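Worksheet: one structure, shown below.
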Amino acid sequence: MTANPQSRMAGCGTALVTPFTDDGAVDEAALRALVDWQVAEGIDFVVPCGSTGEAATMTQEEHVRVVRVTVDQVRGRVPVVAGAGSNDTARAVALSKALAATGATHLLHVTPMYNKPPQRGLIAHFRRIAESVELPIILYNVPGRTGINMDAATTLTLADVKGIVGVKEASGDLAQITEIIRHRPAHFSVLSGDDALTLAVVAAGGDGVISVTSNATPRLMTRLVTMARSGDLSGARAAHLKLTPWMRAAFVESNPLPVKAALHMMGMIGPAHRLPLVPLAPQHHEALRASLEAAGALDA
């Protein structure tokens with residue numbers, strides 16, 4: 001995929017973790033190494049500062065810095081979809097403008113958490129953001145984290161708003177996702193927000209995934225999506241089955257606890273999180289390691 005911000009977003013993008021040092025600072029060296037490895041492994045785009053990236057515990061200065069470092073390290077090789085969501089529309093607009101200045105190619109905007117606006121409130125929220133910034137926007141529907149589902153009709157209404165170019169759909173509702181795929185305009189991308197549903201979403205006509213598991217398995221997850229999009233469902237199924245134990249282990253506790261533990265096992269980042277997140281419970285380590293071995297991310 002090229003880094004043209006006007007192109008339809010497709011393929012496998014990694015929802016990047018944010019490495020921290022033992023004293024809680026952003027580990028920029030580890031972040032740069034992770035980004036370089038992701039690109040070298042063939043990932044189609046990267047997504048810093050989403051929920052996987054622990055953006056909720058960052059100051060705005062840190063948030064902008066992480067995106068700036070990611071953009072700098074990518075060096076135009078793949079798109080950078082910067083997480084910019086907030087449950088305060090004015091704050092979301094301000095952060096979006098700050099992130100646009102980093103060189104990010106797209107913005108990812110999650111539905112507002114905690115406030116629980118009605119569907120017309122979601123439309124007003126995203127419309128205001130789209131009117132305020134020039135970068136293309138990907139919507140993010142994840143009711144398990146936000147407490148509100150953005151229904152298909154709302155997503156399709158927003159798909160006609162200038163500047164809104166896609167949705168990361170993590171509702172887990174295949175009927176809802178398929179309804180969006182059936183009626184979307186030609187420019188509008190539908191990306192799975194659930195690793196385990198990626199094959200089903202792409203087989204139904206979706207465009208790819210924004211993935212947690214590809215932090216540790218970027219090449220194999222990208223292969224799954226590429227094969228599924230090309231119609232090689234047999235090959236995509238084989239990749240899916242190889243990844244299934246890791247997909248399961250990656251969510252045995254709250255994301256990103258398992259994936260950060262996995263990257264630590266792989267020697268790529270330190271073990272640090274920011275409270276209220278804590279390290280993965282020790283009883284899950286053996287199954288996590290076995291799942292990474294099955295996926296080819298660690299030697300048996």
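FYI, nothing fancy with the structure tokens labels: chains A, B, ... in order, residues from 1 per chain, ligands from 1 as they appear.
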Could you pull the residues within 9 Å of A:Val212, counting only C-alpha atoms, minus those fewer than 2 positions along the same chain, as a CSV table (one decimal) with N, CA and C atoms, in the first residue's frame?
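part-v6.csv was written with the following content:
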chain,number,residue,atom,x,y,z
A,13,GLY,N,-3.4,-3.4,9.2
A,13,GLY,CA,-2.7,-2.3,9.9
A,13,GLY,C,-2.5,-2.8,11.4
A,14,THR,N,-1.4,-2.4,12.0
A,14,THR,CA,-1.1,-2.8,13.4
A,14,THR,C,-1.5,-1.7,14.3
A,15,ALA,N,-2.4,-2.0,15.3
A,15,ALA,CA,-2.7,-1.1,16.4
A,15,ALA,C,-1.5,-1.1,17.3
A,16,LEU,N,-0.5,-0.3,17.2
A,16,LEU,CA,0.7,-0.4,17.8
A,16,LEU,C,0.6,-0.2,19.4
A,17,VAL,N,1.4,-1.1,20.1
A,17,VAL,CA,1.6,-0.8,21.5
A,17,VAL,C,2.5,0.4,21.7
A,52,THR,N,-4.9,0.1,22.2
A,52,THR,CA,-3.7,-0.8,22.3
A,52,THR,C,-2.5,0.0,22.7
A,193,GLY,N,-12.3,-4.8,13.4
A,193,GLY,CA,-11.6,-4.4,14.6
A,193,GLY,C,-11.4,-5.6,15.5
A,194,ASP,N,-11.8,-6.8,15.1
A,194,ASP,CA,-11.6,-8.0,15.8
A,194,ASP,C,-10.7,-9.0,15.0
A,195,ASP,N,-9.6,-9.3,15.6
A,195,ASP,CA,-8.6,-10.2,14.8
A,195,ASP,C,-9.3,-11.5,14.4
A,210,ILE,N,-7.6,-3.7,11.4
A,210,ILE,CA,-6.7,-3.0,12.3
A,210,ILE,C,-6.5,-3.9,13.4
A,214,SER,N,-1.2,-8.5,15.2
A,214,SER,CA,-0.1,-8.3,14.2
A,214,SER,C,1.1,-7.5,14.9
A,215,ASN,N,0.9,-7.0,16.1
A,215,ASN,CA,2.1,-6.5,16.8
A,215,ASN,C,3.2,-7.5,16.9
A,216,ALA,N,2.8,-8.8,17.1
A,216,ALA,CA,3.8,-9.9,17.3
A,216,ALA,C,3.9,-10.7,16.0
A,247,MET,N,-4.5,-15.6,18.6
A,247,MET,CA,-5.7,-14.7,18.6
A,247,MET,C,-6.4,-14.9,19.9
A,250,ALA,N,-4.2,-13.6,22.9
A,250,ALA,CA,-4.0,-12.1,22.9
A,250,ALA,C,-5.1,-11.4,23.7
A,255,ASN,N,-6.7,-6.2,26.7
A,255,ASN,CA,-5.7,-5.6,25.7
A,255,ASN,C,-5.2,-4.3,26.2
A,256,PRO,N,-3.9,-4.0,26.3
A,256,PRO,CA,-2.8,-4.7,25.6
A,256,PRO,C,-1.9,-5.6,26.5
A,259,VAL,N,-0.5,-8.8,24.6
A,259,VAL,CA,0.4,-8.5,23.5
A,259,VAL,C,1.7,-7.8,23.9
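Counting only C-alpha atoms, A:Val252 has the following residues at most 12 Å away, ignoring those fewer than 6 positions along the same chain: Pro245, Trp246, Pro258, Val259, Ala261, Leu280, Ala281, Pro282, Gln283, His284, His285, Ala287, Leu288 and Ser291 of chain A.
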| query | Closest to A:Ser86 among A:Val190, A:Ala98, A:Val167, A:Val110, using only C-alpha atoms? | reply |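 Checking each of A:Val190, A:Ala98, A:Val167, A:Val110 against A:Ser86, counting only C-alpha atoms, the winner is A:Val110.
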| message | So that I can see what lies close to A:Tyr140, please list as a ChimeraX atom specification the residues with an atom at most 12 Å from it, counting only C-alpha atoms and leaving out residues fewer than 2 positions away in the same chain. | response | /A:50-51,81-86,107-113,122,126,137-138,142-146,148-151,155,158,164-171,189-194,209-210
Residues from the last selection, N, CA and C atoms, saved as a compact mmCIF listing (two decimals), in the first residue's frame:
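See out-v9.txt below for the written result:
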# COMPACT_ATOMS: atom_id res chain seq x y z
N GLY A 50 -3.89 4.25 19.76
CA GLY A 50 -5.24 3.77 20.00
C GLY A 50 -5.34 3.20 21.39
N SER A 51 -6.38 2.39 21.64
CA SER A 51 -6.50 1.77 22.96
C SER A 51 -5.35 0.80 23.22
N VAL A 81 -2.04 6.00 10.68
CA VAL A 81 -3.40 6.33 11.10
C VAL A 81 -3.36 6.65 12.59
N ALA A 82 -3.37 7.92 12.93
CA ALA A 82 -3.16 8.33 14.32
C ALA A 82 -4.45 8.32 15.10
N GLY A 83 -4.45 7.61 16.23
CA GLY A 83 -5.59 7.64 17.13
C GLY A 83 -5.77 9.05 17.68
N ALA A 84 -6.99 9.55 17.58
CA ALA A 84 -7.25 10.95 17.98
C ALA A 84 -8.54 11.09 18.77
N GLY A 85 -9.10 10.00 19.25
CA GLY A 85 -10.43 10.02 19.83
C GLY A 85 -10.50 10.66 21.21
N SER A 86 -11.69 11.19 21.50
CA SER A 86 -11.99 11.74 22.82
C SER A 86 -13.50 11.73 22.99
N LEU A 107 -6.62 9.92 10.50
CA LEU A 107 -6.97 9.94 11.91
C LEU A 107 -7.97 8.83 12.19
N LEU A 108 -7.84 8.22 13.38
CA LEU A 108 -8.80 7.21 13.85
C LEU A 108 -9.58 7.82 15.00
N HIS A 109 -10.91 7.86 14.86
CA HIS A 109 -11.75 8.47 15.88
C HIS A 109 -12.76 7.48 16.43
N VAL A 110 -12.63 7.17 17.71
CA VAL A 110 -13.51 6.22 18.39
C VAL A 110 -14.80 6.92 18.81
N THR A 111 -15.86 6.13 18.93
CA THR A 111 -17.10 6.69 19.46
C THR A 111 -16.88 7.16 20.90
N PRO A 112 -17.50 8.26 21.29
CA PRO A 112 -17.27 8.81 22.63
C PRO A 112 -17.66 7.82 23.72
N MET A 113 -16.73 7.57 24.63
CA MET A 113 -16.97 6.67 25.75
C MET A 113 -17.60 7.43 26.92
N LEU A 122 -23.73 10.95 17.89
CA LEU A 122 -22.55 10.42 17.22
C LEU A 122 -22.36 11.10 15.87
N PHE A 126 -18.94 13.31 14.99
CA PHE A 126 -18.01 13.00 13.90
C PHE A 126 -18.09 14.04 12.77
N ILE A 137 -10.61 10.58 7.85
CA ILE A 137 -10.96 10.03 9.16
C ILE A 137 -11.52 8.63 9.00
N ILE A 138 -11.02 7.72 9.85
CA ILE A 138 -11.59 6.39 9.99
C ILE A 138 -12.33 6.34 11.32
N VAL A 142 -16.41 0.42 18.89
CA VAL A 142 -15.98 -0.64 19.80
C VAL A 142 -16.83 -0.58 21.08
N PRO A 143 -18.07 -1.04 21.00
CA PRO A 143 -18.99 -0.91 22.14
C PRO A 143 -18.51 -1.57 23.41
N GLY A 144 -17.68 -2.60 23.30
CA GLY A 144 -17.16 -3.26 24.50
C GLY A 144 -16.30 -2.34 25.35
N ARG A 145 -15.72 -1.31 24.75
CA ARG A 145 -14.90 -0.35 25.50
C ARG A 145 -15.64 0.96 25.77
N THR A 146 -16.55 1.34 24.88
CA THR A 146 -17.15 2.67 24.99
C THR A 146 -18.53 2.66 25.63
N ILE A 148 -21.28 2.06 23.97
CA ILE A 148 -22.30 2.45 22.99
C ILE A 148 -21.95 1.84 21.64
N ASN A 149 -22.96 1.34 20.95
CA ASN A 149 -22.77 0.79 19.61
C ASN A 149 -23.19 1.83 18.58
N MET A 150 -22.37 2.03 17.58
CA MET A 150 -22.74 2.86 16.43
C MET A 150 -23.40 1.95 15.40
N ASP A 151 -24.68 2.11 15.18
CA ASP A 151 -25.39 1.16 14.34
C ASP A 151 -25.08 1.38 12.86
N THR A 155 -23.40 4.65 10.74
CA THR A 155 -22.13 4.54 10.00
C THR A 155 -22.34 4.91 8.53
N LEU A 158 -22.68 8.62 8.08
CA LEU A 158 -21.38 9.28 8.19
C LEU A 158 -20.48 8.98 6.99
N ILE A 164 -14.71 11.54 5.78
CA ILE A 164 -14.83 10.28 6.52
C ILE A 164 -14.73 9.14 5.51
N VAL A 165 -13.69 8.32 5.66
CA VAL A 165 -13.32 7.39 4.58
C VAL A 165 -13.40 5.92 4.96
N GLY A 166 -13.76 5.61 6.21
CA GLY A 166 -13.82 4.20 6.58
C GLY A 166 -14.24 4.01 8.01
N VAL A 167 -14.38 2.73 8.39
CA VAL A 167 -14.73 2.39 9.76
C VAL A 167 -13.93 1.17 10.19
N LYS A 168 -13.43 1.22 11.41
CA LYS A 168 -12.91 0.05 12.09
C LYS A 168 -14.06 -0.50 12.92
N GLU A 169 -14.56 -1.66 12.54
CA GLU A 169 -15.77 -2.21 13.15
C GLU A 169 -15.41 -3.32 14.14
N ALA A 170 -15.57 -3.03 15.43
CA ALA A 170 -15.26 -4.00 16.48
C ALA A 170 -16.49 -4.29 17.32
N SER A 171 -17.66 -4.25 16.68
CA SER A 171 -18.89 -4.57 17.41
C SER A 171 -19.02 -6.07 17.63
N SER A 189 -14.01 2.40 3.32
CA SER A 189 -13.40 1.14 3.73
C SER A 189 -14.09 0.58 4.97
N VAL A 190 -14.21 -0.74 5.01
CA VAL A 190 -14.70 -1.43 6.19
C VAL A 190 -13.59 -2.36 6.67
N LEU A 191 -13.06 -2.07 7.86
CA LEU A 191 -11.94 -2.80 8.43
C LEU A 191 -12.40 -3.52 9.69
N SER A 192 -12.04 -4.77 9.82
CA SER A 192 -12.36 -5.51 11.04
C SER A 192 -11.59 -4.92 12.22
N GLY A 193 -12.27 -4.83 13.35
CA GLY A 193 -11.60 -4.45 14.59
C GLY A 193 -11.41 -5.61 15.53
N ASP A 194 -11.75 -6.81 15.07
CA ASP A 194 -11.59 -8.03 15.84
C ASP A 194 -10.72 -8.99 15.03
N VAL A 209 -8.11 -5.25 8.23
CA VAL A 209 -8.19 -5.27 9.69
C VAL A 209 -7.25 -4.23 10.28
N ILE A 210 -7.64 -3.66 11.39
CA ILE A 210 -6.70 -2.98 12.29
C ILE A 210 -6.51 -3.94 13.45
As an mmCIF file with N, CA and C atoms, in the first residue's frame, please: the residues near stretch 218-226 of chain A (cut-off 7 Å, only C-alpha atoms, same-chain neighbours under 6 positions excluded).
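The new file result-v6.cif reads:
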data_model
loop_
_atom_site.group_PDB
_atom_site.id
_atom_site.type_symbol
_atom_site.label_atom_id
_atom_site.label_comp_id
_atom_site.auth_asym_id
_atom_site.auth_seq_id
_atom_site.Cartn_x
_atom_site.Cartn_y
_atom_site.Cartn_z
ATOM 1 N N GLY A 11 -6.031 -3.678 3.693
ATOM 2 C CA GLY A 11 -4.910 -4.494 4.132
ATOM 3 C C GLY A 11 -4.906 -4.676 5.638
ATOM 4 N N CYS A 12 -3.727 -4.943 6.156
ATOM 5 C CA CYS A 12 -3.553 -5.189 7.590
ATOM 6 C C CYS A 12 -2.773 -4.034 8.216
ATOM 7 N N GLN A 38 7.882 -3.706 11.929
ATOM 8 C CA GLN A 38 6.560 -3.846 11.328
ATOM 9 C C GLN A 38 6.606 -3.572 9.820
ATOM 10 N N GLU A 41 8.420 -6.292 7.949
ATOM 11 C CA GLU A 41 7.632 -7.519 7.881
ATOM 12 C C GLU A 41 6.475 -7.428 6.889
ATOM 13 N N GLY A 42 6.265 -6.238 6.319
ATOM 14 C CA GLY A 42 5.273 -6.110 5.262
ATOM 15 C C GLY A 42 3.920 -5.584 5.685
ATOM 16 N N ILE A 43 3.825 -4.990 6.870
ATOM 17 C CA ILE A 43 2.543 -4.461 7.309
ATOM 18 C C ILE A 43 2.088 -3.362 6.355
ATOM 19 N N GLY A 208 -10.048 -5.311 5.223
ATOM 20 C CA GLY A 208 -8.870 -5.675 6.003
ATOM 21 C C GLY A 208 -9.139 -5.592 7.483
ATOM 22 N N ALA A 236 -5.926 -18.278 3.114
ATOM 23 C CA ALA A 236 -6.297 -17.401 4.222
ATOM 24 C C ALA A 236 -6.766 -18.224 5.418
ATOM 25 N N ALA A 239 -3.785 -19.654 7.258
ATOM 26 C CA ALA A 239 -3.142 -18.629 8.095
ATOM 27 C C ALA A 239 -3.988 -18.356 9.340
ATOM 28 N N HIS A 240 -5.293 -18.271 9.159
ATOM 29 C CA HIS A 240 -6.201 -18.034 10.285
ATOM 30 C C HIS A 240 -6.074 -19.137 11.337
#
| How would you write, as a list in words, the set of residues in stretch 86-224 of chain A that DSSP gives as strand (DSSP E)? |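 Restricting stretch 86-224 of chain A to strand (DSSP E) produces His106, Leu107, Leu108, His109, Val110, Ile137, Ile138, Leu139, Tyr140, Asn141, Ile164, Val165, Gly166, Val167, Lys168, Glu169, Ser189, Val190, Leu191, Ser192, Gly208, Val209, Ile210 and Ser211 of chain A.
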Taking C-alpha atoms for each residue, export the selection above as a PDB file, in the first residue's frame.
ATOM      1  CA  HIS A 106      -5.186   9.583   8.577  1.00  0.00           C
ATOM      2  CA  LEU A 107      -6.966   9.941  11.911  1.00  0.00           C
ATOM      3  CA  LEU A 108      -8.795   7.210  13.846  1.00  0.00           C
ATOM      4  CA  HIS A 109     -11.751   8.474  15.885  1.00  0.00           C
ATOM      5  CA  VAL A 110     -13.506   6.224  18.386  1.00  0.00           C
ATOM      6  CA  ILE A 137     -10.959  10.032   9.162  1.00  0.00           C
ATOM      7  CA  ILE A 138     -11.588   6.385   9.987  1.00  0.00           C
ATOM      8  CA  LEU A 139     -14.401   5.827  12.476  1.00  0.00           C
ATOM      9  CA  TYR A 140     -13.949   3.281  15.260  1.00  0.00           C
ATOM     10  CA  ASN A 141     -16.894   1.389  16.713  1.00  0.00           C
ATOM     11  CA  ILE A 164     -14.830  10.279   6.517  1.00  0.00           C
ATOM     12  CA  VAL A 165     -13.320   7.390   4.579  1.00  0.00           C
ATOM     13  CA  GLY A 166     -13.821   4.202   6.576  1.00  0.00           C
ATOM     14  CA  VAL A 167     -14.731   2.390   9.759  1.00  0.00           C
ATOM     15  CA  LYS A 168     -12.909   0.047  12.093  1.00  0.00           C
ATOM     16  CA  GLU A 169     -15.774  -2.214  13.153  1.00  0.00           C
ATOM     17  CA  SER A 189     -13.404   1.139   3.733  1.00  0.00           C
ATOM     18  CA  VAL A 190     -14.696  -1.432   6.195  1.00  0.00           C
ATOM     19  CA  LEU A 191     -11.940  -2.801   8.433  1.00  0.00           C
ATOM     20  CA  SER A 192     -12.363  -5.508  11.042  1.00  0.00           C
ATOM     21  CA  GLY A 208      -8.870  -5.675   6.003  1.00  0.00           C
ATOM     22  CA  VAL A 209      -8.190  -5.266   9.691  1.00  0.00           C
ATOM     23  CA  ILE A 210      -6.704  -2.978  12.292  1.00  0.00           C
ATOM     24  CA  SER A 211      -5.047  -5.709  14.297  1.00  0.00           C
TER      25      SER A 211
END
| message | Applying 7 Å and only C-alpha atoms, which residues near A:Met268 remain after dropping the ones on its own chain fewer than 4 positions away? List them as a PyMOL selection string. | response | chain A and resi 30+263-264
Output N, CA and C atoms for every residue in that selection, as a short mmCIF file (atom, residue, chain, number, x, y, z; two decimals), in the first residue's frame.
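Full text of out_13.cif as output:
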data_model
loop_
_atom_site.label_atom_id
_atom_site.label_comp_id
_atom_site.auth_asym_id
_atom_site.auth_seq_id
_atom_site.Cartn_x
_atom_site.Cartn_y
_atom_site.Cartn_z
N ALA A 30 12.62 1.81 21.62
CA ALA A 30 11.87 0.57 21.39
C ALA A 30 10.74 0.80 20.40
N LEU A 263 5.38 -9.37 23.21
CA LEU A 263 6.52 -8.63 22.65
C LEU A 263 7.70 -8.64 23.61
N HIS A 264 7.42 -8.67 24.90
CA HIS A 264 8.50 -8.78 25.88
C HIS A 264 9.17 -10.14 25.78
#
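With only C-alpha atoms as the basis for measurement, A:Val74 is the residue among A:Met227, A:Ala10, A:Val74, A:Val278 that approaches A:Trp37 most closely.
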| Closest of A:Leu99, A:Leu298, A:Leu243, A:Ala175 to A:Gly267 - atom-to-atom distances counting only C-alpha atoms |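 Counting only C-alpha atoms, the residue closest to A:Gly267 is A:Leu298.
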